[in-house]
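Source file: input.cif (mmCIF, C-alpha atoms)
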```
data_structure
#
loop_
_atom_site.group_PDB
_atom_site.id
_atom_site.type_symbol
_atom_site.label_atom_id
_atom_site.label_comp_id
_atom_site.auth_asym_id
_atom_site.auth_seq_id
_atom_site.Cartn_x
_atom_site.Cartn_y
_atom_site.Cartn_z
ATOM 1 C CA MET X 1496 12.064 11.205 -20.227
ATOM 2 C CA THR X 1497 12.810 14.912 -20.094
ATOM 3 C CA SER X 1498 15.692 17.318 -20.521
ATOM 4 C CA ALA X 1499 14.241 19.828 -18.072
ATOM 5 C CA THR X 1500 16.265 21.331 -15.248
ATOM 6 C CA LEU X 1501 15.458 21.067 -11.545
ATOM 7 C CA LEU X 1502 16.777 23.556 -8.990
ATOM 8 C CA VAL X 1503 16.907 22.284 -5.415
ATOM 9 C CA ARG X 1504 18.580 23.098 -2.097
ATOM 10 C CA PRO X 1505 19.256 20.587 0.696
ATOM 11 C CA PRO X 1506 17.346 21.120 3.939
ATOM 12 C CA SER X 1507 18.977 23.034 6.753
ATOM 13 C CA PRO X 1508 19.698 21.261 10.064
ATOM 14 C CA ARG X 1509 17.547 24.085 11.497
ATOM 15 C CA LEU X 1510 14.528 23.095 9.381
ATOM 16 C CA ALA X 1511 12.350 22.736 12.489
ATOM 17 C CA ASP X 1512 12.766 26.485 13.173
ATOM 18 C CA GLY X 1513 11.057 27.450 9.908
ATOM 19 C CA GLU X 1514 8.213 29.935 9.669
ATOM 20 C CA LEU X 1515 4.672 28.741 10.481
ATOM 21 C CA THR X 1516 1.478 30.634 9.705
ATOM 22 C CA HIS X 1517 -1.536 28.313 9.766
ATOM 23 C CA LEU X 1518 -0.286 25.155 11.514
ATOM 24 C CA GLU X 1519 0.678 24.388 15.106
ATOM 25 C CA ARG X 1520 4.375 23.662 15.584
ATOM 26 C CA VAL X 1521 5.163 19.969 16.007
ATOM 27 C CA PRO X 1522 8.501 18.120 16.200
ATOM 28 C CA VAL X 1523 10.380 17.808 12.903
ATOM 29 C CA ASP X 1524 12.975 15.092 12.309
ATOM 30 C CA ALA X 1525 15.826 16.786 10.420
ATOM 31 C CA GLY X 1526 17.475 13.476 9.552
ATOM 32 C CA LEU X 1527 14.277 12.042 8.125
ATOM 33 C CA ALA X 1528 13.705 15.280 6.244
ATOM 34 C CA ARG X 1529 17.099 14.895 4.562
ATOM 35 C CA GLU X 1530 16.221 11.305 3.571
ATOM 36 C CA GLN X 1531 12.841 12.393 2.199
ATOM 37 C CA TRP X 1532 14.453 15.250 0.269
ATOM 38 C CA ALA X 1533 17.007 12.888 -1.297
ATOM 39 C CA ALA X 1534 14.254 10.476 -2.350
ATOM 40 C CA TYR X 1535 12.231 13.355 -3.802
ATOM 41 C CA VAL X 1536 15.195 14.537 -5.871
ATOM 42 C CA GLU X 1537 15.887 10.979 -7.043
ATOM 43 C CA VAL X 1538 12.405 10.831 -8.635
ATOM 44 C CA TYR X 1539 13.508 13.561 -11.023
ATOM 45 C CA ARG X 1540 16.961 12.087 -11.656
ATOM 46 C CA THR X 1541 15.466 8.737 -12.677
ATOM 47 C CA ARG X 1542 13.223 10.530 -15.173
ATOM 48 C CA GLY X 1543 16.108 12.310 -16.832
ATOM 49 C CA TRP X 1544 15.938 15.741 -15.203
ATOM 50 C CA ASP X 1545 19.130 17.780 -14.914
ATOM 51 C CA VAL X 1546 19.295 18.367 -11.155
ATOM 52 C CA ARG X 1547 21.208 21.451 -10.043
ATOM 53 C CA GLU X 1548 21.781 21.839 -6.333
ATOM 54 C CA LEU X 1549 21.973 25.319 -4.855
ATOM 55 C CA PRO X 1550 24.546 26.032 -2.130
ATOM 56 C CA ALA X 1551 23.426 24.963 1.325
ATOM 57 C CA ALA X 1552 21.813 27.739 3.361
ATOM 58 C CA ASP X 1553 22.013 26.276 6.852
ATOM 59 C CA ASP X 1554 21.303 29.663 8.467
ATOM 60 C CA HIS X 1555 17.959 29.781 6.656
ATOM 61 C CA PRO X 1556 15.569 27.159 8.100
ATOM 62 C CA ASP X 1557 13.161 27.592 5.146
ATOM 63 C CA GLY X 1558 15.868 27.567 2.477
ATOM 64 C CA VAL X 1559 14.841 24.118 1.214
ATOM 65 C CA PHE X 1560 11.606 25.665 -0.109
ATOM 66 C CA VAL X 1561 13.377 27.084 -3.169
ATOM 67 C CA GLU X 1562 10.207 27.595 -5.197
ATOM 68 C CA ASP X 1563 9.449 30.697 -3.156
ATOM 69 C CA THR X 1564 12.550 32.579 -4.330
ATOM 70 C CA VAL X 1565 12.115 32.559 -8.131
ATOM 71 C CA VAL X 1566 9.389 32.064 -10.723
ATOM 72 C CA VAL X 1567 10.347 31.147 -14.290
ATOM 73 C CA PHE X 1568 8.292 32.350 -17.268
ATOM 74 C CA GLY X 1569 9.902 30.829 -20.352
ATOM 75 C CA ASP X 1570 13.299 32.514 -20.662
ATOM 76 C CA LEU X 1571 12.585 35.032 -17.875
ATOM 77 C CA ALA X 1572 13.412 34.300 -14.240
ATOM 78 C CA VAL X 1573 11.649 36.598 -11.772
ATOM 79 C CA LEU X 1574 13.449 36.738 -8.440
ATOM 80 C CA THR X 1575 10.972 37.251 -5.648
ATOM 81 C CA ARG X 1576 10.935 39.335 -2.505
ATOM 82 C CA PRO X 1577 9.569 37.005 0.186
ATOM 83 C CA GLY X 1578 6.866 38.369 2.442
ATOM 84 C CA ALA X 1579 8.607 36.717 5.392
ATOM 85 C CA ALA X 1580 11.590 38.962 6.168
ATOM 86 C CA SER X 1581 13.521 35.986 7.549
ATOM 87 C CA ARG X 1582 13.565 34.463 4.054
ATOM 88 C CA ARG X 1583 14.853 37.386 1.998
ATOM 89 C CA GLY X 1584 18.478 36.314 2.398
ATOM 90 C CA GLU X 1585 17.721 33.148 0.405
ATOM 91 C CA VAL X 1586 17.296 35.069 -2.839
ATOM 92 C CA ALA X 1587 20.964 36.006 -3.340
ATOM 93 C CA THR X 1588 22.165 32.458 -4.005
ATOM 94 C CA MET X 1589 19.209 31.841 -6.323
ATOM 95 C CA ARG X 1590 20.160 34.967 -8.288
ATOM 96 C CA ALA X 1591 23.649 33.584 -8.929
ATOM 97 C CA VAL X 1592 22.237 30.269 -10.163
ATOM 98 C CA VAL X 1593 19.656 31.731 -12.565
ATOM 99 C CA GLU X 1594 22.119 34.281 -13.934
ATOM 100 C CA ALA X 1595 24.581 31.455 -14.659
ATOM 101 C CA SER X 1596 21.834 29.487 -16.426
ATOM 102 C CA GLY X 1597 21.517 32.081 -19.175
ATOM 103 C CA LEU X 1598 17.983 33.117 -18.270
ATOM 104 C CA GLU X 1599 17.012 36.769 -18.387
ATOM 105 C CA VAL X 1600 16.597 37.962 -14.806
ATOM 106 C CA ALA X 1601 14.155 40.457 -13.278
ATOM 107 C CA ALA X 1602 13.246 41.046 -9.639
ATOM 108 C CA ILE X 1603 10.379 42.107 -7.411
ATOM 109 C CA GLU X 1604 11.461 45.246 -5.575
ATOM 110 C CA ALA X 1605 10.523 46.800 -2.216
ATOM 111 C CA PRO X 1606 7.887 47.506 -1.074
ATOM 112 C CA GLY X 1607 6.402 44.646 -3.106
ATOM 113 C CA ALA X 1608 6.281 41.135 -1.667
ATOM 114 C CA LEU X 1609 5.898 37.960 -3.701
ATOM 115 C CA GLU X 1610 6.643 34.301 -2.951
ATOM 116 C CA GLY X 1611 6.758 31.688 -5.683
ATOM 117 C CA GLY X 1612 4.401 29.373 -3.836
ATOM 118 C CA ASP X 1613 1.677 31.882 -4.668
ATOM 119 C CA VAL X 1614 2.146 31.561 -8.455
ATOM 120 C CA LEU X 1615 0.280 28.833 -10.344
ATOM 121 C CA LYS X 1616 0.932 28.805 -14.101
ATOM 122 C CA ILE X 1617 -1.598 27.159 -16.423
ATOM 123 C CA GLY X 1618 -0.969 27.653 -20.107
ATOM 124 C CA SER X 1619 -0.289 31.369 -20.503
ATOM 125 C CA THR X 1620 -2.233 32.341 -17.368
ATOM 126 C CA ALA X 1621 -0.533 32.976 -14.036
ATOM 127 C CA TYR X 1622 -2.867 32.751 -11.059
ATOM 128 C CA VAL X 1623 -1.240 34.693 -8.230
ATOM 129 C CA GLY X 1624 -2.341 34.318 -4.636
ATOM 130 C CA ARG X 1625 -2.849 37.468 -2.608
ATOM 131 C CA SER X 1626 -1.753 35.922 0.668
ATOM 132 C CA SER X 1627 0.025 36.805 3.911
ATOM 133 C CA ARG X 1628 3.275 36.456 1.911
ATOM 134 C CA THR X 1629 2.356 38.136 -1.398
ATOM 135 C CA SER X 1630 1.129 41.737 -1.520
ATOM 136 C CA GLY X 1631 -0.936 43.659 -4.036
ATOM 137 C CA GLU X 1632 2.196 45.593 -4.988
ATOM 138 C CA GLY X 1633 4.028 42.329 -5.581
ATOM 139 C CA VAL X 1634 1.240 41.106 -7.859
ATOM 140 C CA ALA X 1635 1.268 44.421 -9.734
ATOM 141 C CA GLN X 1636 5.034 44.261 -10.296
ATOM 142 C CA LEU X 1637 4.778 40.690 -11.581
ATOM 143 C CA ARG X 1638 1.960 41.688 -13.926
ATOM 144 C CA ALA X 1639 4.072 44.521 -15.324
ATOM 145 C CA LEU X 1640 6.960 42.122 -15.973
ATOM 146 C CA VAL X 1641 5.103 39.240 -17.626
ATOM 147 C CA GLU X 1642 1.976 40.588 -19.321
ATOM 148 C CA PRO X 1643 4.063 42.242 -22.091
ATOM 149 C CA ARG X 1644 5.391 38.718 -22.735
ATOM 150 C CA GLY X 1645 1.906 37.352 -23.372
ATOM 151 C CA TRP X 1646 0.960 36.187 -19.893
ATOM 152 C CA LYS X 1647 -2.349 36.942 -18.202
ATOM 153 C CA VAL X 1648 -2.146 37.511 -14.449
ATOM 154 C CA VAL X 1649 -5.190 36.678 -12.327
ATOM 155 C CA GLU X 1650 -5.137 37.659 -8.645
ATOM 156 C CA VAL X 1651 -6.656 35.036 -6.303
ATOM 157 C CA PRO X 1652 -7.495 35.513 -2.612
ATOM 158 C CA VAL X 1653 -5.669 33.182 -0.213
ATOM 159 C CA THR X 1654 -6.751 33.305 3.426
ATOM 160 C CA LYS X 1655 -6.975 29.671 4.605
ATOM 161 C CA VAL X 1656 -3.465 28.390 3.811
ATOM 162 C CA LEU X 1657 0.067 29.747 3.457
ATOM 163 C CA HIS X 1658 0.300 29.977 -0.343
ATOM 164 C CA LEU X 1659 -1.981 29.555 -3.330
ATOM 165 C CA LYS X 1660 -0.243 26.269 -4.163
ATOM 166 C CA SER X 1661 -0.908 25.074 -0.620
ATOM 167 C CA ALA X 1662 -4.555 25.099 -1.694
ATOM 168 C CA VAL X 1663 -4.558 24.300 -5.427
ATOM 169 C CA THR X 1664 -2.342 23.011 -8.219
ATOM 170 C CA ALA X 1665 -3.075 21.920 -11.786
ATOM 171 C CA LEU X 1666 -3.114 18.588 -13.611
ATOM 172 C CA PRO X 1667 -1.479 18.238 -17.053
ATOM 173 C CA ASP X 1668 -4.791 19.028 -18.798
ATOM 174 C CA GLY X 1669 -5.163 22.288 -16.843
ATOM 175 C CA THR X 1670 -7.772 21.028 -14.376
ATOM 176 C CA VAL X 1671 -7.203 22.703 -11.020
ATOM 177 C CA ILE X 1672 -7.364 20.403 -7.989
ATOM 178 C CA GLY X 1673 -7.843 21.386 -4.381
ATOM 179 C CA HIS X 1674 -9.322 20.339 -1.058
ATOM 180 C CA GLU X 1675 -12.417 22.527 -0.995
ATOM 181 C CA PRO X 1676 -12.272 23.606 2.686
ATOM 182 C CA LEU X 1677 -8.872 25.183 1.932
ATOM 183 C CA VAL X 1678 -9.818 26.981 -1.303
ATOM 184 C CA ASP X 1679 -11.123 30.550 -1.126
ATOM 185 C CA SER X 1680 -12.542 30.943 -4.640
ATOM 186 C CA PRO X 1681 -12.711 27.730 -6.709
ATOM 187 C CA GLU X 1682 -15.015 29.496 -9.162
ATOM 188 C CA LEU X 1683 -12.077 31.583 -10.422
ATOM 189 C CA PHE X 1684 -10.656 28.534 -12.205
ATOM 190 C CA GLU X 1685 -12.035 27.300 -15.514
ATOM 191 C CA ALA X 1686 -12.101 23.669 -14.344
ATOM 192 C CA PHE X 1687 -11.957 22.654 -10.668
ATOM 193 C CA LEU X 1688 -11.787 19.109 -9.256
ATOM 194 C CA PRO X 1689 -12.206 18.654 -5.491
ATOM 195 C CA VAL X 1690 -9.838 16.151 -3.880
ATOM 196 C CA PRO X 1691 -10.559 14.315 -0.613
ATOM 197 C CA GLU X 1692 -7.379 15.078 1.358
ATOM 198 C CA PRO X 1693 -5.556 18.324 2.180
ATOM 199 C CA GLU X 1694 -2.223 16.630 1.393
ATOM 200 C CA GLY X 1695 -3.580 15.824 -2.072
ATOM 201 C CA THR X 1696 -3.813 19.418 -3.240
ATOM 202 C CA ALA X 1697 -0.223 19.619 -4.506
ATOM 203 C CA VAL X 1698 1.037 17.881 -7.634
ATOM 204 C CA VAL X 1699 4.078 18.476 -9.812
ATOM 205 C CA VAL X 1700 3.514 17.774 -13.501
ATOM 206 C CA LEU X 1701 6.423 15.618 -14.695
ATOM 207 C CA ASP X 1702 5.013 15.178 -18.200
ATOM 208 C CA GLU X 1703 1.623 15.131 -19.931
ATOM 209 C CA GLU X 1704 0.720 11.789 -18.352
ATOM 210 C CA THR X 1705 2.597 11.812 -15.043
ATOM 211 C CA VAL X 1706 2.376 13.711 -11.774
ATOM 212 C CA LEU X 1707 4.331 13.592 -8.520
ATOM 213 C CA MET X 1708 2.479 14.014 -5.247
ATOM 214 C CA SER X 1709 2.691 13.360 -1.512
ATOM 215 C CA ALA X 1710 2.470 9.786 -0.252
ATOM 216 C CA SER X 1711 0.153 11.140 2.485
ATOM 217 C CA ALA X 1712 -2.896 11.277 0.178
ATOM 218 C CA PRO X 1713 -3.790 7.728 -0.945
ATOM 219 C CA ARG X 1714 -7.409 8.536 -1.829
ATOM 220 C CA THR X 1715 -6.369 11.435 -4.028
ATOM 221 C CA THR X 1716 -3.741 9.206 -5.628
ATOM 222 C CA GLU X 1717 -6.459 6.728 -6.602
ATOM 223 C CA LEU X 1718 -8.716 9.535 -7.859
ATOM 224 C CA LEU X 1719 -6.009 10.822 -10.176
ATOM 225 C CA ARG X 1720 -5.113 7.334 -11.367
ATOM 226 C CA SER X 1721 -8.770 6.785 -12.212
ATOM 227 C CA ARG X 1722 -8.434 9.757 -14.586
ATOM 228 C CA GLY X 1723 -5.708 7.903 -16.464
ATOM 229 C CA LEU X 1724 -2.679 9.605 -14.925
ATOM 230 C CA GLU X 1725 0.492 7.894 -13.798
ATOM 231 C CA VAL X 1726 0.962 9.015 -10.191
ATOM 232 C CA ILE X 1727 4.339 8.833 -8.467
ATOM 233 C CA THR X 1728 4.277 9.400 -4.717
ATOM 234 C CA ALA X 1729 7.000 10.566 -2.356
ATOM 235 C CA PRO X 1730 6.895 10.912 1.438
ATOM 236 C CA VAL X 1731 7.281 14.561 2.464
ATOM 237 C CA THR X 1732 5.826 14.434 5.981
ATOM 238 C CA GLU X 1733 8.573 16.510 7.614
ATOM 239 C CA PHE X 1734 8.057 19.328 5.112
ATOM 240 C CA GLU X 1735 4.256 19.139 5.390
ATOM 241 C CA LYS X 1736 4.661 19.886 9.112
ATOM 242 C CA LEU X 1737 6.099 23.256 8.033
ATOM 243 C CA GLU X 1738 3.392 24.036 5.446
ATOM 244 C CA GLY X 1739 5.566 22.685 2.659
ATOM 245 C CA CYS X 1740 4.633 20.284 -0.150
ATOM 246 C CA VAL X 1741 6.037 18.639 -3.286
ATOM 247 C CA THR X 1742 5.864 21.836 -5.352
ATOM 248 C CA CYS X 1743 7.861 24.114 -3.076
ATOM 249 C CA LEU X 1744 10.908 21.842 -2.743
ATOM 250 C CA SER X 1745 12.080 22.614 -6.284
ATOM 251 C CA VAL X 1746 11.975 25.002 -9.204
ATOM 252 C CA ARG X 1747 11.248 23.317 -12.530
ATOM 253 C CA VAL X 1748 12.869 25.007 -15.538
ATOM 254 C CA ARG X 1749 11.534 23.536 -18.801
#
```
As structure tokens, please, write out the structure in this file.
Amino acid sequence: MTSATLLVRPPSPRLADGELTHLERVPVDAGLAREQWAAYVEVYRTRGWDVRELPAADDHPDGVFVEDTVVVFGDLAVLTRPGAASRRGEVATMRAVVEASGLEVAAIEAPGALEGGDVLKIGSTAYVGRSSRTSGEGVAQLRALVEPRGWKVVEVPVTKVLHLKSAVTALPDGTVIGHEPLVDSPELFEAFLPVPEPEGTAVVVLDEETVLMSASAPRTTELLRSRGLEVITAPVTEFEKLEGCVTCLSVRVR
């Protein structure tokens, strides 16, 4: 069990109108998406997480992907400046929530661009994807904010997927996993484990022995279980159609 906090936002009825960069647009079932989101959130509730729901943002089709609007480094919350202009209005409601939580708050400023899906934290290292949504200036501003606090920032090229965490995430022991055809530079990570399915690249670490991942990657699920991990799966098909995954639907504050 955990006493960590989870920040989430319910999906907009306009979810199907969300931004797309690398995938072809296909029909999205907004009702099913709401059911999948509720089941995803319930995984955390049943494990003792304190779930805090942000105000609905029905005018923002991508608002459900709350991870992109803030990155938390210990007691510092860094509000982002999304590279997609259509998403910048999402940050205001996140600001109110993190300020009320007692966290210290900083922000990425224009002309920098940074989205939270491009930030993978392992220990005291933050790998930051230089993607179509995160600029060099955004990476530089983040480095200036967190390196004085003991973090090391490593810039990683991202050209094959939307965000860094669309390509790679990390297991509890720090091993980075990814589907190799989607990963630009696996050699930048100290330990890299290829997984057999693109939907298997994203895991959320619930505790040192447990991860949450998409139900769309059964072979990766078995691979991770063979390493001794407890793997909880959740269907997130409607969000995967919009380049989303299990990481971007929440912000985990530990």
Of the candidates X:Val1690, X:Ala1551, X:Val1523, X:Leu1637, which shows the shortest atom-to-atom distance to X:Val1573, using only C-alpha atoms?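 Distance minimum relative to X:Val1573 lands on X:Leu1637.
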With a distance cut-off of 12 Å and only C-alpha atoms, select the neighbouring residues of X:Pro1713, excluding the residue or stretch itself and same-chain residues fewer than 2 positions from it, and output the selection as a list in words. Val1690, Pro1691, Glu1692, Pro1693, Glu1694, Gly1695, Thr1696, Met1708, Ser1709, Ala1710, Ser1711, Thr1715, Thr1716, Glu1717, Leu1718, Leu1719, Arg1720, Val1726, Ile1727, Thr1728, Ala1729 and Pro1730 of chain X
So that all listed atoms of stretch 1602-1621 of chain X fit with 4 Å spare on each side, what axis-aligned box centre and edge lengths in Å, to one decimal, would you give as AutoDock Vina command-line options?
```
--center_x 5.5 --center_y 37.3 --center_z -10.8 --size_x 23.5 --size_y 28.3 --size_z 27.4
```
Using atom CA of X:Leu1737 and atom CA of X:Gly1584 as the two end points, give the distance in Å to one decimal.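 Atom CA of X:Leu1737 sits 18.9 Å away from atom CA of X:Gly1584.
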Would you be able to write out as an mmCIF file with C-alpha atoms, keeping the file's coordinate frame which residues have an atom within 10 Å of (20.1, 22.9, 7.6) in the file's coordinates, counting all atoms listed in the file?
```cif
data_model
loop_
_atom_site.group_PDB
_atom_site.id
_atom_site.type_symbol
_atom_site.label_atom_id
_atom_site.label_comp_id
_atom_site.auth_asym_id
_atom_site.auth_seq_id
_atom_site.Cartn_x
_atom_site.Cartn_y
_atom_site.Cartn_z
ATOM 1 C CA ARG X 1504 18.580 23.098 -2.097
ATOM 2 C CA PRO X 1505 19.256 20.587 0.696
ATOM 3 C CA PRO X 1506 17.346 21.120 3.939
ATOM 4 C CA SER X 1507 18.977 23.034 6.753
ATOM 5 C CA PRO X 1508 19.698 21.261 10.064
ATOM 6 C CA ARG X 1509 17.547 24.085 11.497
ATOM 7 C CA LEU X 1510 14.528 23.095 9.381
ATOM 8 C CA ALA X 1511 12.350 22.736 12.489
ATOM 9 C CA ASP X 1512 12.766 26.485 13.173
ATOM 10 C CA ALA X 1525 15.826 16.786 10.420
ATOM 11 C CA GLY X 1526 17.475 13.476 9.552
ATOM 12 C CA ARG X 1529 17.099 14.895 4.562
ATOM 13 C CA ALA X 1551 23.426 24.963 1.325
ATOM 14 C CA ALA X 1552 21.813 27.739 3.361
ATOM 15 C CA ASP X 1553 22.013 26.276 6.852
ATOM 16 C CA ASP X 1554 21.303 29.663 8.467
ATOM 17 C CA HIS X 1555 17.959 29.781 6.656
ATOM 18 C CA PRO X 1556 15.569 27.159 8.100
ATOM 19 C CA ASP X 1557 13.161 27.592 5.146
ATOM 20 C CA GLY X 1558 15.868 27.567 2.477
ATOM 21 C CA VAL X 1559 14.841 24.118 1.214
#
```
Check what the PyMOL selection byres ((chain X and resi 1587) around 12) selects in the file above and give those residues as a ChimeraX atom specification. /X:1549-1550,1552,1558,1561,1564-1565,1574-1577,1582-1586,1588-1594,1602
Final N, CA and C atoms of stretch 1543-1569 of chain X as a short mmCIF file (atom, residue, chain, number, x, y, z; two decimals), keeping the file's coordinate frame:
```cif
data_model
loop_
_atom_site.label_atom_id
_atom_site.label_comp_id
_atom_site.auth_asym_id
_atom_site.auth_seq_id
_atom_site.Cartn_x
_atom_site.Cartn_y
_atom_site.Cartn_z
N GLY X 1543 15.27 11.60 -15.89
CA GLY X 1543 16.11 12.31 -16.83
C GLY X 1543 16.26 13.80 -16.60
N TRP X 1544 15.80 14.31 -15.46
CA TRP X 1544 15.94 15.74 -15.20
C TRP X 1544 17.40 16.07 -14.87
N ASP X 1545 17.82 17.25 -15.26
CA ASP X 1545 19.13 17.78 -14.91
C ASP X 1545 19.00 18.49 -13.57
N VAL X 1546 19.46 17.84 -12.51
CA VAL X 1546 19.30 18.37 -11.16
C VAL X 1546 20.48 19.26 -10.79
N ARG X 1547 20.17 20.50 -10.45
CA ARG X 1547 21.21 21.45 -10.04
C ARG X 1547 20.95 21.87 -8.59
N GLU X 1548 21.93 21.60 -7.77
CA GLU X 1548 21.78 21.84 -6.33
C GLU X 1548 22.35 23.20 -5.96
N LEU X 1549 21.52 24.03 -5.33
CA LEU X 1549 21.97 25.32 -4.86
C LEU X 1549 22.87 25.13 -3.63
N PRO X 1550 23.73 26.12 -3.33
CA PRO X 1550 24.55 26.03 -2.13
C PRO X 1550 23.66 25.88 -0.89
N ALA X 1551 24.15 25.11 0.07
CA ALA X 1551 23.43 24.96 1.32
C ALA X 1551 23.23 26.33 1.97
N ALA X 1552 22.11 26.48 2.66
CA ALA X 1552 21.81 27.74 3.36
C ALA X 1552 21.38 27.38 4.79
N ASP X 1553 22.35 26.82 5.54
CA ASP X 1553 22.01 26.28 6.85
C ASP X 1553 21.50 27.31 7.83
N ASP X 1554 21.80 28.60 7.59
CA ASP X 1554 21.30 29.66 8.47
C ASP X 1554 19.87 30.05 8.14
N HIS X 1555 19.33 29.48 7.07
CA HIS X 1555 17.96 29.78 6.66
C HIS X 1555 17.10 28.51 6.79
N PRO X 1556 16.34 28.38 7.87
CA PRO X 1556 15.57 27.16 8.10
C PRO X 1556 14.63 26.81 6.94
N ASP X 1557 14.11 27.83 6.24
CA ASP X 1557 13.16 27.59 5.15
C ASP X 1557 13.83 27.52 3.78
N GLY X 1558 15.16 27.50 3.74
CA GLY X 1558 15.87 27.57 2.48
C GLY X 1558 15.57 26.42 1.52
N VAL X 1559 15.16 25.27 2.06
CA VAL X 1559 14.84 24.12 1.21
C VAL X 1559 13.66 24.40 0.29
N PHE X 1560 12.81 25.35 0.68
CA PHE X 1560 11.61 25.66 -0.11
C PHE X 1560 11.97 26.66 -1.22
N VAL X 1561 12.78 26.19 -2.17
CA VAL X 1561 13.38 27.08 -3.17
C VAL X 1561 12.35 27.70 -4.11
N GLU X 1562 11.20 27.06 -4.27
CA GLU X 1562 10.21 27.60 -5.20
C GLU X 1562 9.81 29.02 -4.85
N ASP X 1563 9.91 29.38 -3.58
CA ASP X 1563 9.45 30.70 -3.16
C ASP X 1563 10.37 31.83 -3.59
N THR X 1564 11.59 31.51 -4.06
CA THR X 1564 12.55 32.58 -4.33
C THR X 1564 12.64 32.98 -5.80
N VAL X 1565 12.06 32.21 -6.71
CA VAL X 1565 12.12 32.56 -8.13
C VAL X 1565 10.94 31.92 -8.85
N VAL X 1566 10.43 32.61 -9.86
CA VAL X 1566 9.39 32.06 -10.72
C VAL X 1566 9.87 32.21 -12.16
N VAL X 1567 9.82 31.14 -12.93
CA VAL X 1567 10.35 31.15 -14.29
C VAL X 1567 9.20 31.21 -15.30
N PHE X 1568 9.27 32.18 -16.19
CA PHE X 1568 8.29 32.35 -17.27
C PHE X 1568 9.05 32.23 -18.59
N GLY X 1569 9.15 31.01 -19.12
CA GLY X 1569 9.90 30.83 -20.35
C GLY X 1569 11.37 31.14 -20.12
#
```
